[in-house]
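The next block is model.cif, given as mmCIF, C-alpha atoms and all ligand atoms.
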data_input
#
loop_
_atom_site.label_atom_id
_atom_site.label_comp_id
_atom_site.auth_asym_id
_atom_site.auth_seq_id
_atom_site.Cartn_x
_atom_site.Cartn_y
_atom_site.Cartn_z
CA MET A 1 111.55 120.25 95.13
CA LYS A 2 109.20 117.42 94.33
CA LYS A 3 107.86 115.28 97.13
CA ILE A 4 108.05 111.62 96.11
CA ASP A 5 107.07 108.24 97.56
CA LEU A 6 107.42 105.16 95.36
CA HIS A 7 106.28 102.48 97.82
CA ILE A 8 102.78 102.81 99.26
CA HIS A 9 100.21 100.10 100.03
CA THR A 10 96.45 100.51 99.66
CA ASN A 11 93.62 98.28 100.83
CA PHE A 12 93.92 96.41 97.54
CA SER A 13 96.72 94.60 99.36
CA ASP A 14 97.54 94.97 103.05
CA GLY A 15 97.27 98.73 103.46
CA LEU A 16 94.42 100.15 105.49
CA PHE A 17 93.30 102.99 103.20
CA SER A 18 91.59 102.94 99.82
CA PRO A 19 93.41 104.40 96.81
CA GLU A 20 91.28 107.58 97.01
CA GLU A 21 91.97 107.97 100.72
CA VAL A 22 95.71 107.55 100.19
CA LEU A 23 95.62 110.07 97.33
CA ASP A 24 93.73 112.60 99.47
CA LEU A 25 96.26 112.13 102.26
CA ALA A 26 99.16 112.43 99.83
CA GLU A 27 97.71 115.65 98.40
CA GLU A 28 97.13 117.07 101.88
CA ARG A 29 100.72 116.23 102.81
CA GLY A 30 102.19 117.81 99.68
CA TYR A 31 103.24 114.89 97.47
CA ASN A 32 103.75 115.33 93.71
CA VAL A 33 104.67 111.80 92.62
CA ILE A 34 103.62 108.54 94.25
CA ALA A 35 103.31 104.84 93.42
CA PHE A 36 100.99 102.22 94.88
CA ALA A 37 103.27 99.19 95.18
CA ASP A 38 100.60 96.75 96.31
CA HIS A 39 101.57 93.11 96.73
CA ASP A 40 101.01 90.98 93.61
CA ASN A 41 98.25 93.06 91.99
CA ILE A 42 97.65 96.40 90.28
CA ASP A 43 93.96 96.78 91.15
CA GLY A 44 94.64 99.77 93.43
CA TYR A 45 96.56 101.52 90.65
CA LEU A 46 93.70 100.91 88.21
CA ALA A 47 91.14 102.13 90.76
CA GLY A 48 93.10 105.26 91.64
CA ARG A 49 94.66 106.54 88.44
CA ASP A 50 91.75 108.73 87.24
CA TYR A 51 91.37 110.35 90.64
CA ALA A 52 95.14 110.94 90.80
CA ARG A 53 94.99 112.77 87.46
CA GLU A 54 92.02 114.81 88.70
CA ILE A 55 93.87 116.07 91.77
CA GLY A 56 97.19 116.53 89.95
CA ILE A 57 99.28 113.77 91.51
CA GLU A 58 101.49 111.70 89.21
CA LEU A 59 100.65 108.05 89.98
CA ILE A 60 103.32 105.72 88.59
CA PRO A 61 102.24 102.16 87.66
CA ALA A 62 103.84 99.82 90.16
CA VAL A 63 103.58 96.48 91.94
CA GLU A 64 105.52 94.63 94.65
CA ILE A 65 106.01 91.03 93.53
CA SER A 66 106.41 88.18 96.06
CA THR A 67 109.35 86.03 95.01
CA LEU A 68 111.42 83.30 96.61
CA GLU A 69 115.21 83.07 96.50
CA GLN A 70 116.81 80.15 98.36
CA GLY A 71 113.77 79.90 100.59
CA ARG A 72 113.82 83.59 101.52
CA ASP A 73 111.02 86.08 100.83
CA VAL A 74 112.37 88.58 98.31
CA HIS A 75 110.17 91.46 97.18
CA ILE A 76 110.70 92.81 93.68
CA LEU A 77 109.21 96.21 92.92
CA ALA A 78 108.25 96.86 89.32
CA TYR A 79 107.65 100.28 87.77
CA TYR A 80 106.58 101.65 84.39
CA PHE A 81 105.60 98.28 82.92
CA ASP A 82 102.87 97.73 80.37
CA ILE A 83 99.82 97.24 82.59
CA LYS A 84 98.22 95.03 79.93
CA ASN A 85 101.17 92.66 79.51
CA LYS A 86 99.59 89.20 79.62
CA LYS A 87 102.62 87.32 80.89
CA LEU A 88 103.21 89.66 83.82
CA LEU A 89 99.49 89.80 84.67
CA SER A 90 99.20 86.01 84.65
CA LEU A 91 102.28 85.68 86.86
CA LEU A 92 100.75 88.14 89.34
CA LYS A 93 97.40 86.33 89.23
CA LYS A 94 99.00 82.98 90.00
CA ILE A 95 100.73 84.39 93.09
CA TYR A 96 97.63 86.34 94.12
CA ASP A 97 95.28 83.35 93.72
CA SER A 98 97.42 81.15 95.94
CA ARG A 99 96.92 83.50 98.89
CA TYR A 100 93.49 82.21 99.87
CA SER A 101 94.45 78.54 100.32
CA ARG A 102 97.65 79.59 102.07
CA ALA A 103 95.61 81.67 104.54
CA GLU A 104 93.38 78.64 105.16
CA LYS A 105 96.48 76.55 105.93
CA ILE A 106 97.83 79.17 108.35
CA ILE A 107 94.47 79.31 110.12
CA GLU A 108 94.34 75.50 110.34
CA LYS A 109 97.73 75.50 112.06
CA LEU A 110 96.58 78.19 114.49
CA ASN A 111 93.30 76.39 115.20
CA ALA A 112 95.20 73.17 115.91
CA GLN A 113 96.89 75.04 118.78
CA ASP A 114 93.52 76.30 120.09
CA ILE A 115 94.00 79.74 118.66
CA ASN A 116 90.55 80.50 117.41
CA ILE A 117 90.25 82.76 114.43
CA SER A 118 88.24 81.97 111.30
CA ILE A 119 88.75 82.59 107.60
CA GLU A 120 85.47 84.60 107.59
CA GLN A 121 86.82 86.99 110.20
CA VAL A 122 90.12 87.34 108.33
CA LYS A 123 88.25 87.97 105.06
CA SER A 124 86.26 90.75 106.72
CA PHE A 125 89.49 92.81 106.96
CA SER A 126 90.33 92.61 103.27
CA GLY A 127 89.53 95.39 100.83
CA GLN A 128 87.42 95.33 97.69
CA ASN A 129 89.48 92.70 95.87
CA ASN A 130 89.50 90.09 98.69
CA TYR A 131 93.29 90.10 98.94
CA ILE A 132 94.46 88.15 102.00
CA GLY A 133 97.92 88.53 103.49
CA ARG A 134 99.49 87.79 106.83
CA PRO A 135 98.66 91.31 108.13
CA HIS A 136 94.95 90.45 107.83
CA ILE A 137 95.44 87.30 109.91
CA CYS A 138 97.40 89.43 112.30
CA ARG A 139 94.41 91.74 112.78
CA ALA A 140 92.19 88.80 113.71
CA LEU A 141 94.80 87.60 116.23
CA ILE A 142 94.90 91.04 117.84
CA GLU A 143 91.12 91.44 117.83
CA ASN A 144 90.64 88.05 119.51
CA GLY A 145 93.20 88.90 122.18
CA TYR A 146 96.00 86.53 121.16
CA CYS A 147 98.56 89.33 120.91
CA ASN A 148 98.88 93.07 121.37
CA ASP A 149 100.27 94.26 118.07
CA LYS A 150 101.53 93.28 114.67
CA TYR A 151 105.13 92.83 115.79
CA GLU A 152 104.09 90.38 118.48
CA ALA A 153 101.89 88.53 115.97
CA PHE A 154 104.81 88.12 113.55
CA ASP A 155 107.25 87.18 116.32
CA THR A 156 104.96 84.58 117.88
CA TYR A 157 102.78 83.14 115.12
CA LEU A 158 103.28 84.35 111.57
CA GLY A 159 106.99 85.06 111.01
CA GLU A 160 109.28 82.81 108.96
CA HIS A 161 110.45 80.89 112.04
CA CYS A 162 107.07 80.45 113.73
CA PHE A 163 104.84 77.37 113.90
CA ALA A 164 102.03 78.82 111.80
CA TYR A 165 104.26 80.04 108.98
CA VAL A 166 103.24 78.80 105.54
CA PRO A 167 105.09 80.05 102.49
CA LYS A 168 102.86 81.24 99.68
CA TYR A 169 103.33 80.26 96.09
CA ALA A 170 105.86 82.69 94.73
CA CYS A 171 107.90 82.69 91.57
CA THR A 172 111.68 82.80 91.68
CA THR A 173 113.34 86.20 91.88
CA SER A 174 114.91 85.80 88.46
CA GLU A 175 111.57 84.78 86.89
CA ALA A 176 109.93 87.94 88.25
CA ILE A 177 112.75 90.16 86.97
CA SER A 178 112.45 88.62 83.48
CA ALA A 179 108.67 89.04 83.45
CA VAL A 180 109.02 92.72 84.40
CA HIS A 181 111.57 93.23 81.62
CA GLN A 182 109.34 91.51 79.08
CA ALA A 183 106.60 93.92 80.09
CA GLY A 184 108.97 96.86 79.45
CA GLY A 185 109.31 97.72 83.13
CA ILE A 186 112.04 98.42 85.65
CA ALA A 187 112.69 95.75 88.33
CA VAL A 188 113.91 96.98 91.71
CA LEU A 189 114.99 94.99 94.78
CA ALA A 190 112.74 96.21 97.63
CA HIS A 191 114.10 97.00 101.13
CA PRO A 192 117.47 95.20 100.70
CA TYR A 193 118.14 95.52 104.43
CA THR A 194 115.43 92.95 105.23
CA LEU A 195 117.60 90.33 103.49
CA GLY A 196 120.73 91.41 105.35
CA ASP A 197 122.73 89.13 103.06
CA ASP A 198 125.06 90.79 100.56
CA ALA A 199 125.88 87.50 98.82
CA MET A 200 122.21 87.07 98.03
CA ILE A 201 122.00 90.67 96.87
CA TYR A 202 124.89 90.09 94.43
CA ASN A 203 123.05 87.04 93.11
CA ILE A 204 119.97 89.14 92.49
CA ILE A 205 122.10 91.75 90.74
CA SER A 206 123.43 88.96 88.49
CA TYR A 207 119.82 88.20 87.47
CA GLY A 208 119.65 91.66 85.91
CA VAL A 209 117.72 93.65 88.50
CA ASP A 210 117.75 97.32 87.42
CA GLY A 211 117.52 99.05 90.74
CA MET A 212 117.61 98.86 94.49
CA GLU A 213 115.35 100.56 97.03
CA VAL A 214 118.23 102.39 98.70
CA PHE A 215 116.25 105.28 100.22
CA TYR A 216 113.87 103.10 102.23
CA ALA A 217 112.15 105.10 104.95
CA LYS A 218 112.20 102.32 107.54
CA SER A 219 115.99 101.85 107.38
CA ASN A 220 118.74 104.03 108.88
CA ASP A 221 121.61 106.20 107.58
CA GLU A 222 124.13 103.40 107.90
CA THR A 223 122.14 100.92 105.81
CA ILE A 224 121.26 103.62 103.28
CA TYR A 225 124.98 104.36 102.90
CA HIS A 226 125.81 100.65 102.54
CA TYR A 227 123.23 99.90 99.84
CA ASN A 228 123.90 103.20 98.09
CA GLU A 229 127.52 102.09 97.65
CA ILE A 230 126.52 98.65 96.31
CA ALA A 231 123.98 100.24 93.95
CA LYS A 232 126.47 102.83 92.66
CA GLU A 233 129.21 100.24 92.13
CA ASN A 234 126.85 98.11 90.08
CA GLY A 235 125.23 100.93 88.10
CA LEU A 236 121.80 100.36 89.65
CA ILE A 237 118.94 102.85 89.77
CA ARG A 238 118.47 103.97 93.38
CA THR A 239 114.79 104.30 94.27
CA GLY A 240 113.04 105.08 97.53
CA GLY A 241 109.79 104.75 99.35
CA SER A 242 108.07 104.64 102.71
CA ASP A 243 106.30 101.23 102.53
CA PHE A 244 103.35 103.03 104.09
CA HIS A 245 100.56 100.67 105.17
CA GLY A 246 98.56 103.20 107.21
CA ASP A 247 98.07 100.72 110.00
CA GLY A 248 98.50 103.21 112.80
CA LEU A 249 102.14 102.38 113.38
CA ASP A 250 103.34 104.23 110.31
CA LEU A 251 100.66 106.89 109.89
CA GLU A 252 103.13 109.78 110.09
CA ILE A 253 105.56 108.36 107.56
CA LEU A 254 103.40 109.53 104.66
CA GLY A 255 104.23 113.19 104.97
CA ASN A 256 107.54 113.04 106.77
CA TYR A 257 109.22 111.06 104.04
CA SER A 258 110.32 111.95 100.54
CA ALA A 259 112.68 110.12 98.22
CA PRO A 260 115.39 112.39 96.78
CA GLU A 261 114.33 114.03 93.50
CA LYS A 262 117.20 112.36 91.60
CA VAL A 263 115.26 109.08 91.94
CA LEU A 264 112.98 110.27 89.14
CA SER A 265 115.77 111.12 86.70
CA GLU A 266 117.50 107.80 87.42
CA MET A 267 114.22 105.94 86.77
CA LYS A 268 113.68 107.85 83.53
CA ARG A 269 117.21 106.99 82.42
CA GLY A 270 116.41 103.36 83.24
CA ARG A 271 113.58 103.63 80.75
CA ASN A 272 115.93 105.11 78.12
CA GLU A 273 113.89 108.25 77.68
P1 LIG B 301 102.47 88.10 103.02
O1 LIG B 301 102.67 88.72 101.66
O2 LIG B 301 101.08 87.64 103.24
O3 LIG B 301 103.50 87.04 103.30
O4 LIG B 301 102.71 89.27 104.09
C1 LIG B 301 103.88 90.06 104.00
C2 LIG B 301 103.64 91.41 104.62
O5 LIG B 301 103.52 91.27 106.03
C3 LIG B 301 104.80 92.38 104.43
O6 LIG B 301 104.71 93.07 103.25
C4 LIG B 301 104.60 93.30 105.62
O7 LIG B 301 103.56 94.21 105.35
C5 LIG B 301 104.13 92.36 106.69
N1 LIG B 301 105.24 91.80 107.52
C6 LIG B 301 106.10 90.80 107.19
N2 LIG B 301 106.95 90.53 108.19
C7 LIG B 301 106.62 91.38 109.20
C8 LIG B 301 107.11 91.59 110.52
N3 LIG B 301 108.12 90.86 111.01
N4 LIG B 301 106.53 92.55 111.27
C9 LIG B 301 105.51 93.28 110.78
N5 LIG B 301 104.99 93.13 109.55
C10 LIG B 301 105.53 92.19 108.76
ZN ZN B 302 102.68 94.73 103.02
FE FE B 303 107.93 94.42 100.94
FE FE B 304 105.72 96.88 100.73
#
Starting from the coordinates I provided, produce the structure as structure tokens.
Amino acid sequence: MKKIDLHIHTNFSDGLFSPEEVLDLAEERGYNVIAFADHDNIDGYLAGRDYAREIGIELIPAVEISTLEQGRDVHILAYYFDIKNKKLLSLLKKIYDSRYSRAEKIIEKLNAQDINISIEQVKSFSGQNNYIGRPHICRALIENGYCNDKYEAFDTYLGEHCFAYVPKYACTTSEAISAVHQAGGIAVLAHPYTLGDDAMIYNIISYGVDGMEVFYAKSNDETIYHYNEIAKENGLIRTGGSDFHGDGLDLEILGNYSAPEKVLSEMKRGRNE
């Protein structure tokens, strides 16, 4: 049996560990096939692929794209695309580049309410590629004593319904799916349960998404069953992953989790091999 995890974050987005550290941990914990699905960039994949080969772990090219559908955050996972495809890379860069000014706006809103964190402090938490996401702002809020943990930070300050929420530039869900297809990749709807809206999921299916992240580690048996049925009925590839960030709250998930082995054959069929 192969041990598989197709949704892992490194410190090239909002994970805590470097690609090499994640690979060492994955090797130690017996994984055969993994994918770094960092938000809006593939720098972690590029940095880790030689080391993965060296230690005998199959590292699948992947990315988790930030998209917007009717004002909701929808994450589209892409796998097996051409990592040199200009159109996809420029789409990712546009989303990625907008993160800095968005972080500045969030911090301005916090500062206006006398919550004192600075962009310099937030930047100090980002990895080698200066990626900034809400989890980095969250760390500054915790460090400066404005909340106890990430859940409190999202509930009070950073979540979609909070005063300091600022949406980032994101392409539409259908635009992202088309760009992934043009780059020869597979587009997968990440963690469908976070949408909790089947009508929206059927819309996304109508845009031509190839798969759904049915076997998501942070969901439960009931939701897995529900999305497995929708995926089967619509002929979608059923993928799975842990969404490991290594931030202390999910440290054990990398090791305890594996996607079922049939995920790999379904993905290969999706690529018409
Ligand atoms: P961003 O891409 O900057 O909008 O940040 C999104 C990331 O923040 C997600 O991928 C999660 O890692 C994290 N996140 C979003 N919502 C929550 C939440 N309610 N609780 C904890 N983490 C969250
Ligand atoms: Zn994340
Ligand atoms: Fe996500
Ligand atoms: Fe993720």
task: Find the spatial neighbours of segment 185-187 of chain A, counting all atoms listed in the file, within a cut-off of 10 Å - ignore same-chain residues fewer than 2 positions away - and output them as a PyMOL selection string.
output: chain A and resi 61-65+76-83+176-183+189-190+208-212+237+267-268+270-271
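Considering all atoms listed in the file, the residue among A:Ser13, A:Asn116, A:Thr173, A:Ser265 positioned nearest to Asp73 of chain A is A:Thr173.
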Using all atoms listed in the file, find each residue of chain A with at least one atom at most 8 Å away from an atom of ligand FE 304 (chain B); report its shortest atom-to-atom pair and that distance in Å (one decimal), sort the rows by chain and rising residue number, and return the result as JSON lines.
{"residue": "A:His7", "atom": "CA", "partner": "B:FE304", "partner_atom": "FE", "distance": 6.3}
{"residue": "A:Ile8", "atom": "CA", "partner": "B:FE304", "partner_atom": "FE", "distance": 6.8}
{"residue": "A:His9", "atom": "CA", "partner": "B:FE304", "partner_atom": "FE", "distance": 6.4}
{"residue": "A:Ala37", "atom": "CA", "partner": "B:FE304", "partner_atom": "FE", "distance": 6.5}
{"residue": "A:Asp38", "atom": "CA", "partner": "B:FE304", "partner_atom": "FE", "distance": 6.8}
{"residue": "A:His39", "atom": "CA", "partner": "B:FE304", "partner_atom": "FE", "distance": 6.9}
{"residue": "A:Glu64", "atom": "CA", "partner": "B:FE304", "partner_atom": "FE", "distance": 6.5}
{"residue": "A:His75", "atom": "CA", "partner": "B:FE304", "partner_atom": "FE", "distance": 7.9}
{"residue": "A:Ala190", "atom": "CA", "partner": "B:FE304", "partner_atom": "FE", "distance": 7.7}
{"residue": "A:Asp243", "atom": "CA", "partner": "B:FE304", "partner_atom": "FE", "distance": 4.7}
{"residue": "A:Phe244", "atom": "CA", "partner": "B:FE304", "partner_atom": "FE", "distance": 7.4}
{"residue": "A:His245", "atom": "CA", "partner": "B:FE304", "partner_atom": "FE", "distance": 7.8}
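For the pair atom CA of Ile224 of chain A and atom CA of Pro19 of chain A, the interatomic distance is 28.6 Å.
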- request: One decimal, Å: what's the distance from atom CA of Asp155 of chain A over to atom C6 of ligand LIG 301 (chain B), could you say?
  value: 9.9 Å
Spatial neighbours of Leu91 of chain A, max dist 10 Å, only C-alpha atoms, sep filter under 4 positions, as a PyMOL selection string: chain A and resi 40-41+65+86-87+95-96+170-171+175-176+179
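Of the residues under consideration (A:Ile132, A:Val263, A:Ala26, A:Cys147), A:Ile132 shows the shortest atom-to-atom contact distance to Asp97 of chain A when counting all atoms listed in the file.
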Sorted by chain and rising residue number, which residues of chain A lie within 6 Å of ligand LIG 301 (chain B), and what are their closest atom pairs and distances in Å to one decimal, counting all atoms listed in the file, as a tab-separated table?
residue	atom	partner	partner_atom	distance
A:Gly133	CA	B:LIG301	O2	3.3
A:Arg134	CA	B:LIG301	O2	3.9
A:Pro135	CA	B:LIG301	O5	5.3
A:Lys150	CA	B:LIG301	C9	5.6
A:Tyr151	CA	B:LIG301	N4	4.7
A:Phe154	CA	B:LIG301	N3	5.0
A:Gly159	CA	B:LIG301	N3	5.9
Write out as CSV a residue-level contact list of segment 135-248 of chain A versus segment 98-108 of chain A with cut-off 6 Å: for each qualifying residue the closest pair of atoms and the distance in Å to one decimal, counting all atoms listed in the file, rows sorted by chain and residue number upward.
residue,atom,partner,partner_atom,distance
A:Ala164,CA,A:Ile106,CA,5.4
A:Lys168,CA,A:Arg102,CA,6.0
A:Tyr169,CA,A:Ser98,CA,6.0
The centre and edge lengths of an axis-aligned box containing all atoms of segment 108-113 of chain A present in the file, extended by 4 Å on each side, are to be given in Å to one decimal, as AutoDock Vina command-line options.
--center_x 95.5 --center_y 75.7 --center_z 114.6 --size_x 12.4 --size_y 13.0 --size_z 16.4
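The shortest atom-to-atom distance to Asp5 of chain A, with only C-alpha atoms taken into account, belongs to A:Ala259 out of A:Leu158, A:Ala259, A:Cys138, A:Leu264.
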Among listed residues A:Gly241, A:Gly145, A:Gly246, A:Gly71, nearest ligand FE 303 (chain B) (using only C-alpha atoms and all ligand atoms): A:Gly241
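Note that atom CA of Phe17 of chain A and atom CA of Gly30 of chain A are 17.6 Å apart.
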I'd like the contact shell of Glu69 of chain A - 9 Å cut-off, only C-alpha atoms, skipping same-chain residues fewer than 5 positions apart - returned as a PDB file with C-alpha atoms, in the frame of the given file.
ATOM      1  CA  VAL A  74     112.370  88.580  98.310  1.00  0.00           C
ATOM      2  CA  CYS A 171     107.900  82.690  91.570  1.00  0.00           C
ATOM      3  CA  THR A 172     111.680  82.800  91.680  1.00  0.00           C
ATOM      4  CA  THR A 173     113.340  86.200  91.880  1.00  0.00           C
ATOM      5  CA  SER A 174     114.910  85.800  88.460  1.00  0.00           C
ATOM      6  CA  MET A 200     122.210  87.070  98.030  1.00  0.00           C
ATOM      7  CA  ILE A 204     119.970  89.140  92.490  1.00  0.00           C
TER       8      ILE A 204
END
query: Within 12 Å of Tyr202 of chain A, counting only C-alpha atoms, which residues qualify if same-chain residues fewer than 3 places away don't, as a ChimeraX atom specification?
result: /A:189,192,195-199,205-209,212,227,230-231,233-234,236
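Residue nearest Glu54 of chain A within the list A:Leu23, A:Ala35, A:Leu89, A:Leu68: A:Leu23 [criterion: smallest interatomic distance, all atoms listed in the file].
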Student task, segment 243-253 of chain A output with all heavy atoms as an mmCIF file, in the first residue's frame:
data_model
loop_
_atom_site.group_PDB
_atom_site.id
_atom_site.type_symbol
_atom_site.label_atom_id
_atom_site.label_comp_id
_atom_site.auth_asym_id
_atom_site.auth_seq_id
_atom_site.Cartn_x
_atom_site.Cartn_y
_atom_site.Cartn_z
ATOM 1 N N ASP A 243 -3.943 18.853 3.911
ATOM 2 C CA ASP A 243 -3.858 20.308 4.099
ATOM 3 C C ASP A 243 -2.951 20.635 5.291
ATOM 4 O O ASP A 243 -3.207 21.564 6.059
ATOM 5 C CB ASP A 243 -5.253 20.920 4.301
ATOM 6 C CG ASP A 243 -5.357 22.325 3.723
ATOM 7 O OD1 ASP A 243 -4.338 22.872 3.272
ATOM 8 O OD2 ASP A 243 -6.473 22.880 3.743
ATOM 9 N N PHE A 244 -1.898 19.850 5.407
ATOM 10 C CA PHE A 244 -0.917 20.035 6.482
ATOM 11 C C PHE A 244 -0.244 21.401 6.364
ATOM 12 O O PHE A 244 0.212 21.779 5.294
ATOM 13 C CB PHE A 244 0.131 18.920 6.357
ATOM 14 C CG PHE A 244 1.308 19.015 7.285
ATOM 15 C CD1 PHE A 244 1.183 18.661 8.617
ATOM 16 C CD2 PHE A 244 2.554 19.423 6.819
ATOM 17 C CE1 PHE A 244 2.280 18.722 9.478
ATOM 18 C CE2 PHE A 244 3.649 19.479 7.662
ATOM 19 C CZ PHE A 244 3.514 19.126 8.990
ATOM 20 N N HIS A 245 -0.241 22.152 7.475
ATOM 21 C CA HIS A 245 0.493 23.420 7.514
ATOM 22 C C HIS A 245 1.654 23.349 8.514
ATOM 23 O O HIS A 245 2.510 24.215 8.521
ATOM 24 C CB HIS A 245 -0.424 24.594 7.895
ATOM 25 C CG HIS A 245 -1.335 25.051 6.799
ATOM 26 N ND1 HIS A 245 -2.459 24.361 6.416
ATOM 27 C CD2 HIS A 245 -1.286 26.135 5.982
ATOM 28 C CE1 HIS A 245 -3.063 25.007 5.422
ATOM 29 N NE2 HIS A 245 -2.370 26.090 5.143
ATOM 30 N N GLY A 246 1.631 22.338 9.379
ATOM 31 C CA GLY A 246 2.725 22.162 10.342
ATOM 32 C C GLY A 246 2.762 23.224 11.409
ATOM 33 O O GLY A 246 3.805 23.503 11.998
ATOM 34 N N ASP A 247 1.594 23.836 11.672
ATOM 35 C CA ASP A 247 1.608 24.963 12.606
ATOM 36 C C ASP A 247 1.351 24.556 14.059
ATOM 37 O O ASP A 247 0.971 25.370 14.873
ATOM 38 C CB ASP A 247 0.590 26.024 12.177
ATOM 39 C CG ASP A 247 -0.797 25.424 11.973
ATOM 40 O OD1 ASP A 247 -1.026 24.276 12.396
ATOM 41 O OD2 ASP A 247 -1.650 26.110 11.393
ATOM 42 N N GLY A 248 1.585 23.308 14.345
ATOM 43 C CA GLY A 248 1.445 22.879 15.736
ATOM 44 C C GLY A 248 0.083 22.269 15.986
ATOM 45 O O GLY A 248 -0.058 21.314 16.739
ATOM 46 N N LEU A 249 -0.934 22.798 15.286
ATOM 47 C CA LEU A 249 -2.274 22.269 15.502
ATOM 48 C C LEU A 249 -2.515 21.028 14.659
ATOM 49 O O LEU A 249 -3.390 20.217 14.953
ATOM 50 C CB LEU A 249 -3.311 23.349 15.146
ATOM 51 C CG LEU A 249 -3.230 24.608 15.995
ATOM 52 C CD1 LEU A 249 -4.024 25.742 15.381
ATOM 53 C CD2 LEU A 249 -3.727 24.329 17.407
ATOM 54 N N ASP A 250 -1.730 20.880 13.586
ATOM 55 C CA ASP A 250 -1.960 19.722 12.717
ATOM 56 C C ASP A 250 -0.694 18.886 12.510
ATOM 57 O O ASP A 250 -0.558 18.189 11.525
ATOM 58 C CB ASP A 250 -2.557 20.172 11.369
ATOM 59 C CG ASP A 250 -1.614 21.070 10.562
ATOM 60 O OD1 ASP A 250 -0.495 21.341 11.031
ATOM 61 O OD2 ASP A 250 -2.011 21.488 9.469
ATOM 62 N N LEU A 251 0.209 18.970 13.467
ATOM 63 C CA LEU A 251 1.512 18.312 13.323
ATOM 64 C C LEU A 251 1.406 16.798 13.126
ATOM 65 O O LEU A 251 2.211 16.191 12.426
ATOM 66 C CB LEU A 251 2.379 18.640 14.543
ATOM 67 C CG LEU A 251 3.879 18.664 14.319
ATOM 68 C CD1 LEU A 251 4.255 19.494 13.101
ATOM 69 C CD2 LEU A 251 4.573 19.226 15.559
ATOM 70 N N GLU A 252 0.408 16.192 13.751
ATOM 71 C CA GLU A 252 0.278 14.731 13.694
ATOM 72 C C GLU A 252 -0.375 14.236 12.408
ATOM 73 O O GLU A 252 -0.301 13.064 12.079
ATOM 74 C CB GLU A 252 -0.553 14.228 14.885
ATOM 75 C CG GLU A 252 0.112 14.460 16.226
ATOM 76 C CD GLU A 252 1.541 13.937 16.249
ATOM 77 O OE1 GLU A 252 1.774 12.823 15.748
ATOM 78 O OE2 GLU A 252 2.431 14.664 16.735
ATOM 79 N N ILE A 253 -1.036 15.177 11.700
ATOM 80 C CA ILE A 253 -1.824 14.748 10.546
ATOM 81 C C ILE A 253 -0.925 14.166 9.453
ATOM 82 O O ILE A 253 -1.307 13.231 8.747
ATOM 83 C CB ILE A 253 -2.696 15.922 10.040
ATOM 84 C CG1 ILE A 253 -4.035 15.422 9.553
ATOM 85 C CG2 ILE A 253 -2.027 16.730 8.988
ATOM 86 C CD1 ILE A 253 -5.045 16.549 9.374
#
